[in-house]
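> One file: upload_6.pdb (PDB, C-alpha atoms).
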ATOM      1  CA  MET A  96     -26.113 -28.754   4.976  1.00  0.00           C
ATOM      2  CA  MET A  97     -25.873 -25.950   2.396  1.00  0.00           C
ATOM      3  CA  SER A  98     -28.544 -25.770  -0.214  1.00  0.00           C
ATOM      4  CA  THR A  99     -27.529 -26.445  -3.803  1.00  0.00           C
ATOM      5  CA  LEU A 100     -29.679 -23.493  -4.827  1.00  0.00           C
ATOM      6  CA  ILE A 101     -27.767 -20.269  -4.683  1.00  0.00           C
ATOM      7  CA  PRO A 102     -28.635 -16.827  -6.007  1.00  0.00           C
ATOM      8  CA  ARG A 103     -26.817 -16.079  -9.228  1.00  0.00           C
ATOM      9  CA  LEU A 104     -26.604 -12.767 -11.007  1.00  0.00           C
ATOM     10  CA  CYS A 105     -25.147 -14.217 -14.158  1.00  0.00           C
ATOM     11  CA  CYS A 106     -28.242 -15.304 -16.060  1.00  0.00           C
ATOM     12  CA  GLN A 107     -31.223 -13.152 -15.286  1.00  0.00           C
ATOM     13  CA  LYS A 108     -32.142 -10.602 -12.694  1.00  0.00           C
ATOM     14  CA  ASN A 109     -33.066 -12.303  -9.409  1.00  0.00           C
ATOM     15  CA  CYS A 110     -32.412 -15.709 -10.913  1.00  0.00           C
ATOM     16  CA  VAL A 111     -32.110 -18.639  -8.496  1.00  0.00           C
ATOM     17  CA  HIS A 112     -31.039 -22.042  -9.746  1.00  0.00           C
ATOM     18  CA  SER A 113     -28.464 -24.696  -9.110  1.00  0.00           C
ATOM     19  CA  LYS A 114     -24.897 -23.791  -9.932  1.00  0.00           C
ATOM     20  CA  SER A 115     -24.665 -26.634 -12.438  1.00  0.00           C
ATOM     21  CA  ASP A 116     -27.570 -25.166 -14.439  1.00  0.00           C
ATOM     22  CA  CYS A 117     -25.848 -21.831 -14.858  1.00  0.00           C
ATOM     23  CA  PRO A 118     -24.677 -21.316 -18.423  1.00  0.00           C
ATOM     24  CA  PRO A 119     -21.006 -20.457 -18.653  1.00  0.00           C
ATOM     25  CA  ARG A 120     -20.160 -16.793 -19.134  1.00  0.00           C
ATOM     26  CA  THR A 121     -16.956 -16.066 -20.854  1.00  0.00           C
ATOM     27  CA  LEU A 122     -15.036 -13.327 -22.546  1.00  0.00           C
ATOM     28  CA  ALA A 123     -13.529 -15.824 -24.955  1.00  0.00           C
ATOM     29  CA  PRO A 124     -14.743 -16.070 -28.543  1.00  0.00           C
ATOM     30  CA  LYS A 125     -16.073 -19.472 -29.525  1.00  0.00           C
ATOM     31  CA  GLY A 126     -13.092 -21.727 -30.103  1.00  0.00           C
ATOM     32  CA  LEU A 127     -10.682 -19.578 -28.116  1.00  0.00           C
ATOM     33  CA  THR A 128      -9.482 -21.848 -25.368  1.00  0.00           C
ATOM     34  CA  PHE A 129      -7.919 -20.963 -22.046  1.00  0.00           C
ATOM     35  CA  ASP A 130      -4.463 -21.839 -23.353  1.00  0.00           C
ATOM     36  CA  ARG A 131      -4.893 -19.387 -26.237  1.00  0.00           C
ATOM     37  CA  GLN A 132      -6.031 -16.680 -23.841  1.00  0.00           C
ATOM     38  CA  ALA A 133      -3.002 -17.400 -21.674  1.00  0.00           C
ATOM     39  CA  ALA A 134      -0.769 -17.204 -24.751  1.00  0.00           C
ATOM     40  CA  PHE A 135      -2.293 -13.821 -25.647  1.00  0.00           C
ATOM     41  CA  ASP A 136      -1.824 -12.557 -22.093  1.00  0.00           C
ATOM     42  CA  HIS A 137       1.805 -13.669 -22.106  1.00  0.00           C
ATOM     43  CA  ALA A 138       2.519 -12.087 -25.502  1.00  0.00           C
ATOM     44  CA  PHE A 139       0.767  -8.848 -24.538  1.00  0.00           C
ATOM     45  CA  LEU A 140       2.542  -8.675 -21.191  1.00  0.00           C
ATOM     46  CA  GLU A 141       5.947  -9.215 -22.770  1.00  0.00           C
ATOM     47  CA  ALA A 142       5.685  -7.366 -26.079  1.00  0.00           C
ATOM     48  CA  VAL A 143       3.425  -4.474 -25.167  1.00  0.00           C
ATOM     49  CA  LEU A 144       3.550  -3.876 -21.434  1.00  0.00           C
ATOM     50  CA  ARG A 145       6.907  -5.016 -20.114  1.00  0.00           C
ATOM     51  CA  ASN A 146       9.129  -4.177 -23.064  1.00  0.00           C
ATOM     52  CA  ALA A 147       7.327  -1.184 -24.537  1.00  0.00           C
ATOM     53  CA  MET A 148       4.913   0.629 -22.218  1.00  0.00           C
ATOM     54  CA  ILE A 149       6.237   0.100 -18.708  1.00  0.00           C
ATOM     55  CA  PRO A 150       9.590   1.896 -19.158  1.00  0.00           C
ATOM     56  CA  LEU A 151       7.789   5.021 -20.384  1.00  0.00           C
ATOM     57  CA  PHE A 152       4.569   4.936 -18.380  1.00  0.00           C
ATOM     58  CA  ILE A 153       5.551   3.710 -14.910  1.00  0.00           C
ATOM     59  CA  PRO A 154       7.715   6.807 -14.295  1.00  0.00           C
ATOM     60  CA  ARG A 155       5.137   9.120 -15.859  1.00  0.00           C
ATOM     61  CA  THR A 156       2.359   7.655 -13.678  1.00  0.00           C
ATOM     62  CA  PHE A 157       4.198   8.600 -10.475  1.00  0.00           C
ATOM     63  CA  PRO A 158       3.259  12.329 -10.391  1.00  0.00           C
ATOM     64  CA  LEU A 159      -0.410  11.464 -11.009  1.00  0.00           C
ATOM     65  CA  LEU A 160      -0.655   9.441  -7.798  1.00  0.00           C
ATOM     66  CA  ASP A 161      -1.912  10.743  -4.472  1.00  0.00           C
ATOM     67  CA  PRO A 162       1.056  12.012  -2.428  1.00  0.00           C
ATOM     68  CA  GLU A 163       0.530   9.322   0.220  1.00  0.00           C
ATOM     69  CA  SER A 164       0.850   6.604  -2.453  1.00  0.00           C
ATOM     70  CA  GLN A 165       4.001   7.957  -4.044  1.00  0.00           C
ATOM     71  CA  PRO A 166       6.618   6.574  -1.578  1.00  0.00           C
ATOM     72  CA  TYR A 167       5.298   3.017  -1.958  1.00  0.00           C
ATOM     73  CA  TRP A 168       5.034   3.352  -5.742  1.00  0.00           C
ATOM     74  CA  ARG A 169       8.565   4.727  -6.022  1.00  0.00           C
ATOM     75  CA  ARG A 170      10.097   2.093  -3.738  1.00  0.00           C
ATOM     76  CA  THR A 171       8.396  -0.907  -5.364  1.00  0.00           C
ATOM     77  CA  ARG A 172       8.851   0.255  -8.967  1.00  0.00           C
ATOM     78  CA  GLU A 173      12.495   1.148  -8.445  1.00  0.00           C
ATOM     79  CA  GLU A 174      12.912  -2.402  -7.092  1.00  0.00           C
ATOM     80  CA  TRP A 175      11.392  -3.663 -10.372  1.00  0.00           C
ATOM     81  CA  PHE A 176      13.992  -1.648 -12.264  1.00  0.00           C
ATOM     82  CA  ASN A 177      16.869  -3.041 -10.149  1.00  0.00           C
ATOM     83  CA  GLY A 178      17.388   0.144  -8.158  1.00  0.00           C
ATOM     84  CA  VAL A 179      17.264   2.550 -11.104  1.00  0.00           C
ATOM     85  CA  LYS A 180      15.532   5.799 -10.121  1.00  0.00           C
ATOM     86  CA  LEU A 181      12.186   6.358 -11.847  1.00  0.00           C
ATOM     87  CA  GLU A 182      13.536   9.514 -13.456  1.00  0.00           C
ATOM     88  CA  ASP A 183      16.354   7.500 -15.065  1.00  0.00           C
ATOM     89  CA  VAL A 184      14.276   4.586 -16.408  1.00  0.00           C
ATOM     90  CA  CYS A 185      13.257   6.435 -19.561  1.00  0.00           C
ATOM     91  CA  PRO A 186      14.447  10.044 -19.506  1.00  0.00           C
ATOM     92  CA  PRO A 187      12.933  12.501 -22.032  1.00  0.00           C
ATOM     93  CA  PRO A 188      15.721  12.045 -24.617  1.00  0.00           C
ATOM     94  CA  LYS A 189      14.668   8.367 -24.895  1.00  0.00           C
ATOM     95  CA  TYR A 190      10.931   9.092 -25.284  1.00  0.00           C
ATOM     96  CA  ALA A 191      10.903   8.999 -29.098  1.00  0.00           C
ATOM     97  CA  ALA A 192      12.598   5.600 -29.235  1.00  0.00           C
ATOM     98  CA  GLN A 193      10.273   4.218 -26.556  1.00  0.00           C
ATOM     99  CA  TRP A 194       7.201   5.541 -28.384  1.00  0.00           C
ATOM    100  CA  ALA A 195       8.432   3.788 -31.527  1.00  0.00           C
ATOM    101  CA  GLU A 196       8.729   0.574 -29.488  1.00  0.00           C
ATOM    102  CA  ILE A 197       5.164   0.986 -28.209  1.00  0.00           C
ATOM    103  CA  GLU A 198       3.765   1.650 -31.683  1.00  0.00           C
ATOM    104  CA  GLY A 199       5.608  -1.397 -33.001  1.00  0.00           C
ATOM    105  CA  ALA A 200       4.227  -3.569 -30.202  1.00  0.00           C
ATOM    106  CA  TYR A 201       0.672  -2.459 -30.963  1.00  0.00           C
ATOM    107  CA  GLY A 202       1.438  -3.081 -34.633  1.00  0.00           C
ATOM    108  CA  PHE A 203       2.212  -6.689 -33.703  1.00  0.00           C
ATOM    109  CA  ILE A 204      -1.257  -7.017 -32.148  1.00  0.00           C
ATOM    110  CA  ALA A 205      -2.839  -5.239 -35.138  1.00  0.00           C
ATOM    111  CA  LYS A 206      -1.260  -7.841 -37.458  1.00  0.00           C
ATOM    112  CA  TRP A 207      -2.930 -10.616 -35.459  1.00  0.00           C
ATOM    113  CA  LEU A 208      -6.295  -8.967 -35.948  1.00  0.00           C
ATOM    114  CA  ASP A 209      -5.584  -8.150 -39.607  1.00  0.00           C
ATOM    115  CA  SER A 210      -4.732 -11.776 -40.306  1.00  0.00           C
ATOM    116  CA  ALA A 211      -8.453 -12.593 -40.069  1.00  0.00           C
ATOM    117  CA  GLY A 212      -8.954 -10.533 -43.225  1.00  0.00           C
ATOM    118  CA  ASP A 213     -12.307  -9.076 -42.180  1.00  0.00           C
ATOM    119  CA  GLY A 214     -11.335  -5.646 -40.835  1.00  0.00           C
ATOM    120  CA  ARG A 215     -12.046  -6.653 -37.272  1.00  0.00           C
ATOM    121  CA  ILE A 216     -11.600  -4.243 -34.379  1.00  0.00           C
ATOM    122  CA  THR A 217     -12.147  -6.880 -31.688  1.00  0.00           C
ATOM    123  CA  PHE A 218     -11.041 -10.470 -31.334  1.00  0.00           C
ATOM    124  CA  TYR A 219     -14.652 -11.557 -31.947  1.00  0.00           C
ATOM    125  CA  GLY A 220     -14.477  -9.903 -35.328  1.00  0.00           C
ATOM    126  CA  GLY A 221     -15.770  -6.625 -36.637  1.00  0.00           C
ATOM    127  CA  GLU A 222     -18.021  -4.699 -34.329  1.00  0.00           C
ATOM    128  CA  ILE A 223     -20.510  -7.407 -33.439  1.00  0.00           C
ATOM    129  CA  ILE A 224     -23.305  -5.936 -31.369  1.00  0.00           C
ATOM    130  CA  VAL A 225     -25.424  -8.272 -29.252  1.00  0.00           C
ATOM    131  CA  GLY A 226     -28.432  -6.764 -27.520  1.00  0.00           C
ATOM    132  CA  GLY A 227     -27.142  -3.254 -28.182  1.00  0.00           C
ATOM    133  CA  LYS A 228     -23.767  -3.994 -26.586  1.00  0.00           C
ATOM    134  CA  PRO A 229     -20.472  -4.860 -28.261  1.00  0.00           C
ATOM    135  CA  ARG A 230     -19.371  -8.449 -27.905  1.00  0.00           C
ATOM    136  CA  VAL A 231     -15.794  -8.411 -26.718  1.00  0.00           C
ATOM    137  CA  ALA A 232     -13.161 -10.859 -25.614  1.00  0.00           C
ATOM    138  CA  GLN A 233     -10.919 -10.700 -22.574  1.00  0.00           C
ATOM    139  CA  ALA A 234      -8.084  -9.768 -24.942  1.00  0.00           C
ATOM    140  CA  ASP A 235      -9.988  -6.665 -26.105  1.00  0.00           C
ATOM    141  CA  ILE A 236     -10.432  -5.524 -22.513  1.00  0.00           C
ATOM    142  CA  THR A 237      -6.746  -6.116 -21.792  1.00  0.00           C
ATOM    143  CA  ILE A 238      -5.764  -3.982 -24.781  1.00  0.00           C
ATOM    144  CA  ALA A 239      -8.288  -1.272 -23.884  1.00  0.00           C
ATOM    145  CA  ALA A 240      -7.025  -1.109 -20.287  1.00  0.00           C
ATOM    146  CA  ALA A 241      -3.472  -0.467 -21.483  1.00  0.00           C
ATOM    147  CA  LEU A 242      -4.715   2.151 -23.952  1.00  0.00           C
ATOM    148  CA  LEU A 243      -6.691   3.894 -21.204  1.00  0.00           C
ATOM    149  CA  TRP A 244      -3.571   3.958 -19.036  1.00  0.00           C
ATOM    150  CA  MET A 245      -1.747   5.696 -21.890  1.00  0.00           C
ATOM    151  CA  ARG A 246      -4.590   8.163 -22.404  1.00  0.00           C
ATOM    152  CA  ILE A 247      -4.778   9.043 -18.709  1.00  0.00           C
ATOM    153  CA  VAL A 248      -1.019   9.542 -18.377  1.00  0.00           C
ATOM    154  CA  CYS A 249      -0.589  11.463 -21.645  1.00  0.00           C
ATOM    155  CA  GLY A 250      -3.793  13.459 -21.407  1.00  0.00           C
ATOM    156  CA  HIS A 251      -6.818  13.049 -23.667  1.00  0.00           C
ATOM    157  CA  ASP A 252      -5.948  16.139 -25.736  1.00  0.00           C
ATOM    158  CA  SER A 253      -2.164  15.675 -25.888  1.00  0.00           C
ATOM    159  CA  ALA A 254      -0.249  15.350 -29.140  1.00  0.00           C
ATOM    160  CA  GLU A 255       1.070  11.980 -27.891  1.00  0.00           C
ATOM    161  CA  TRP A 256      -2.432  10.580 -27.430  1.00  0.00           C
ATOM    162  CA  LYS A 257      -3.629  11.996 -30.753  1.00  0.00           C
ATOM    163  CA  ALA A 258      -0.765  10.114 -32.416  1.00  0.00           C
ATOM    164  CA  VAL A 259      -1.843   6.864 -30.702  1.00  0.00           C
ATOM    165  CA  GLU A 260      -5.397   7.395 -31.956  1.00  0.00           C
ATOM    166  CA  GLY A 261      -4.040   7.438 -35.510  1.00  0.00           C
ATOM    167  CA  TRP A 262      -1.925   4.295 -35.242  1.00  0.00           C
ATOM    168  CA  HIS A 263      -2.817   1.343 -37.469  1.00  0.00           C
ATOM    169  CA  GLY A 264      -5.637   3.055 -39.299  1.00  0.00           C
ATOM    170  CA  GLY A 265      -7.233   4.361 -36.111  1.00  0.00           C
ATOM    171  CA  ARG A 266      -7.863   0.837 -34.831  1.00  0.00           C
ATOM    172  CA  TRP A 267      -7.169   1.630 -31.153  1.00  0.00           C
ATOM    173  CA  LYS A 268      -9.337   4.743 -31.180  1.00  0.00           C
ATOM    174  CA  LYS A 269     -12.161   2.636 -32.669  1.00  0.00           C
ATOM    175  CA  LEU A 270     -11.686  -0.042 -30.005  1.00  0.00           C
ATOM    176  CA  LEU A 271     -11.952   2.511 -27.197  1.00  0.00           C
ATOM    177  CA  GLU A 272     -14.992   4.120 -28.819  1.00  0.00           C
ATOM    178  CA  LEU A 273     -16.628   0.701 -28.980  1.00  0.00           C
ATOM    179  CA  LEU A 274     -15.877   0.056 -25.301  1.00  0.00           C
ATOM    180  CA  GLU A 275     -16.455   3.614 -24.044  1.00  0.00           C
ATOM    181  CA  PRO A 276     -19.863   2.795 -22.506  1.00  0.00           C
ATOM    182  CA  TYR A 277     -18.036   0.495 -20.082  1.00  0.00           C
ATOM    183  CA  CYS A 278     -15.192   2.834 -19.206  1.00  0.00           C
ATOM    184  CA  ASP A 279     -15.061   5.196 -16.256  1.00  0.00           C
ATOM    185  CA  SER A 280     -11.801   7.050 -16.409  1.00  0.00           C
ATOM    186  CA  SER A 281     -13.165  10.001 -14.464  1.00  0.00           C
ATOM    187  CA  ARG A 282     -11.026   9.185 -11.468  1.00  0.00           C
TER     188      ARG A 282
END
Please rewrite the model in this file as structure tokens.

Amino acid sequence: MMSTLIPRLCCQKNCVHSKSDCPPRTLAPKGLTFDRQAAFDHAFLEAVLRNAMIPLFIPRTFPLLDPESQPYWRRTREEWFNGVKLEDVCPPPKYAAQWAEIEGAYGFIAKWLDSAGDGRITFYGGEIIVGGKPRVAQADITIAAALLWMRIVCGHDSAEWKAVEGWHGGRWKKLLELLEPYCDSSR
């Protein structure tokens, strides 16, 4: 018979207690239920990733991959795009329109945050620091991951990335600065 006491790393270092005594750990602000998180994920996937970012960034990610990964990436992503070659998904003449779509999609998310009326950067509100660390929601990490993808593909010092940093009053730059201690984009 298995013991009900199992080592847990969630509460304290070297903590051992029963699973039922473990306090829940979540990246959801108080009152944000699973269904609301799922709704955010769906909206972000549709509005920001699928419709705005993916057409521009999937093809531009390809040359950054290791050569041995490129055939798989090309084959599977071209299947996503119904057989359209990566180079034809969003050719350079369409970049400006796609960038406008991306900025508009992030503007949609910015309006959600602005609706709280408190100048918040994160879904928790403001820049709440708990124990020297920012308190963030799963939604903030989702947004930051997409922003980091853009920064890696565009280049940290590119004019494209500098424009993103200025969108919506610099909100996305501030979010990444807040989360920078947790980011390792060195690879």
> Determine the nearest neighbour of A:Arg230 from the options A:Ile204, A:Ile216, A:Val184, A:Ile149, counting only C-alpha atoms.
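Closest residue, counting only C-alpha atoms: A:Ile216.
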> Show me, as AutoDock Vina command-line options, the centre and edge lengths in Å to one decimal of the axis-aligned box that covers every listed atom of stretch 152-170 of chain A with 6 Å on each side.

--center_x 4.1 --center_y 7.2 --center_z -9.1 --size_x 24.0 --size_y 22.2 --size_z 30.6
> Check what the PyMOL selection byres ((chain A and resi 218) around 7) selects in the file above and give those residues as an MDAnalysis selection string.
chainID A and resid 208 216:217 219:220 231:232 235
> Output C-alpha atoms of each residue in that selection to a file, as a CSV table (one decimal), in the coordinates of the input.

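The result, written out as result-v4.csv:
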chain,number,residue,atom,x,y,z
A,208,LEU,CA,-6.3,-9.0,-35.9
A,216,ILE,CA,-11.6,-4.2,-34.4
A,217,THR,CA,-12.1,-6.9,-31.7
A,219,TYR,CA,-14.7,-11.6,-31.9
A,220,GLY,CA,-14.5,-9.9,-35.3
A,231,VAL,CA,-15.8,-8.4,-26.7
A,232,ALA,CA,-13.2,-10.9,-25.6
A,235,ASP,CA,-10.0,-6.7,-26.1
> Between atom CA of A:Met245 and atom CA of A:Thr171, what is the spacing in Å?
20.5 Å
> Between A:Glu198, A:Glu182, A:Glu174, A:Asp136, which has the minimum distance to A:Phe157 (counting all atoms listed in the file)?
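Of all the options, A:Glu182 lies closest to A:Phe157.
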> Would you mind reading off the distance between atom CA of A:Gly214 and atom CA of A:Leu271, one decimal, in Å?
15.9 Å
> Just to confirm, what's the straight-line distance from atom CA of A:Pro150 to atom CA of A:Asp183 in Å (one decimal)?
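Spanning atom CA of A:Pro150 to atom CA of A:Asp183 is a straight-line distance of 9.7 Å.
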> Once the PyMOL selection byres ((chain A and resi 159-169) around 12) has been evaluated on this model, what residues remain selected, and can you format them as an NGL selection string?
:A and (152-158 or 170-176 or 178-182 or 184 or 244 or 247-250 or 282)
> Set the distance at 10 Å and use all atoms listed in the file: which residues neighbour A:Glu196 once local chain neighbours fewer than 6 positions away are removed? I'd like the list as a tab-separated table (two decimals) with C-alpha atoms, keeping the file's coordinate frame.

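result-v5.tsv, written as the output of this step:
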chain	number	residue	atom	x	y	z
A	142	ALA	CA	5.68	-7.37	-26.08
A	143	VAL	CA	3.42	-4.47	-25.17
A	146	ASN	CA	9.13	-4.18	-23.06
A	147	ALA	CA	7.33	-1.18	-24.54
A	148	MET	CA	4.91	0.63	-22.22
A	190	TYR	CA	10.93	9.09	-25.28
A	202	GLY	CA	1.44	-3.08	-34.63
> Given the PyMOL selection byres ((chain A and resi 256) around 12) and the file above, list the residues it selects as a list in words.
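Taken on the displayed file, the PyMOL selection byres ((chain A and resi 256) around 12) yields the residues Trp194, Glu198, Leu242, Leu243, Trp244, Met245, Arg246, Ile247, Val248, Cys249, Gly250, His251, Asp252, Ser253, Ala254, Glu255, Lys257, Ala258, Val259, Glu260, Gly261, Trp262, Gly265, Trp267 and Lys268 of chain A.
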> May I have the residues within 7 Å of A:Gln193 as a list in words, using only C-alpha atoms and disregarding those fewer than 4 positions away in the same chain?
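Contacts, in chain order: Ala147, Leu151, Lys189 and Ile197 of chain A.
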> How about saving the chosen residues, C-alpha atoms kept, as a tab-separated table (two decimals), keeping the file's coordinate frame?

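Okay, this is what ended up in part39.tsv:
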chain	number	residue	atom	x	y	z
A	147	ALA	CA	7.33	-1.18	-24.54
A	151	LEU	CA	7.79	5.02	-20.38
A	189	LYS	CA	14.67	8.37	-24.90
A	197	ILE	CA	5.16	0.99	-28.21
> Restricting the calculation to all atoms listed in the file: of A:Thr237, A:His263, A:Trp207, A:Pro229, which residue gets closest to A:Pro276?
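With all atoms listed in the file as the atom set, the closest residue is A:Pro229.
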> Considering all atoms listed in the file, can you say which of A:Ala234, A:Leu270, A:Ala239, A:Cys278 comes closest to A:Gln132?
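Under the stated criterion, the closest residue is A:Ala234.
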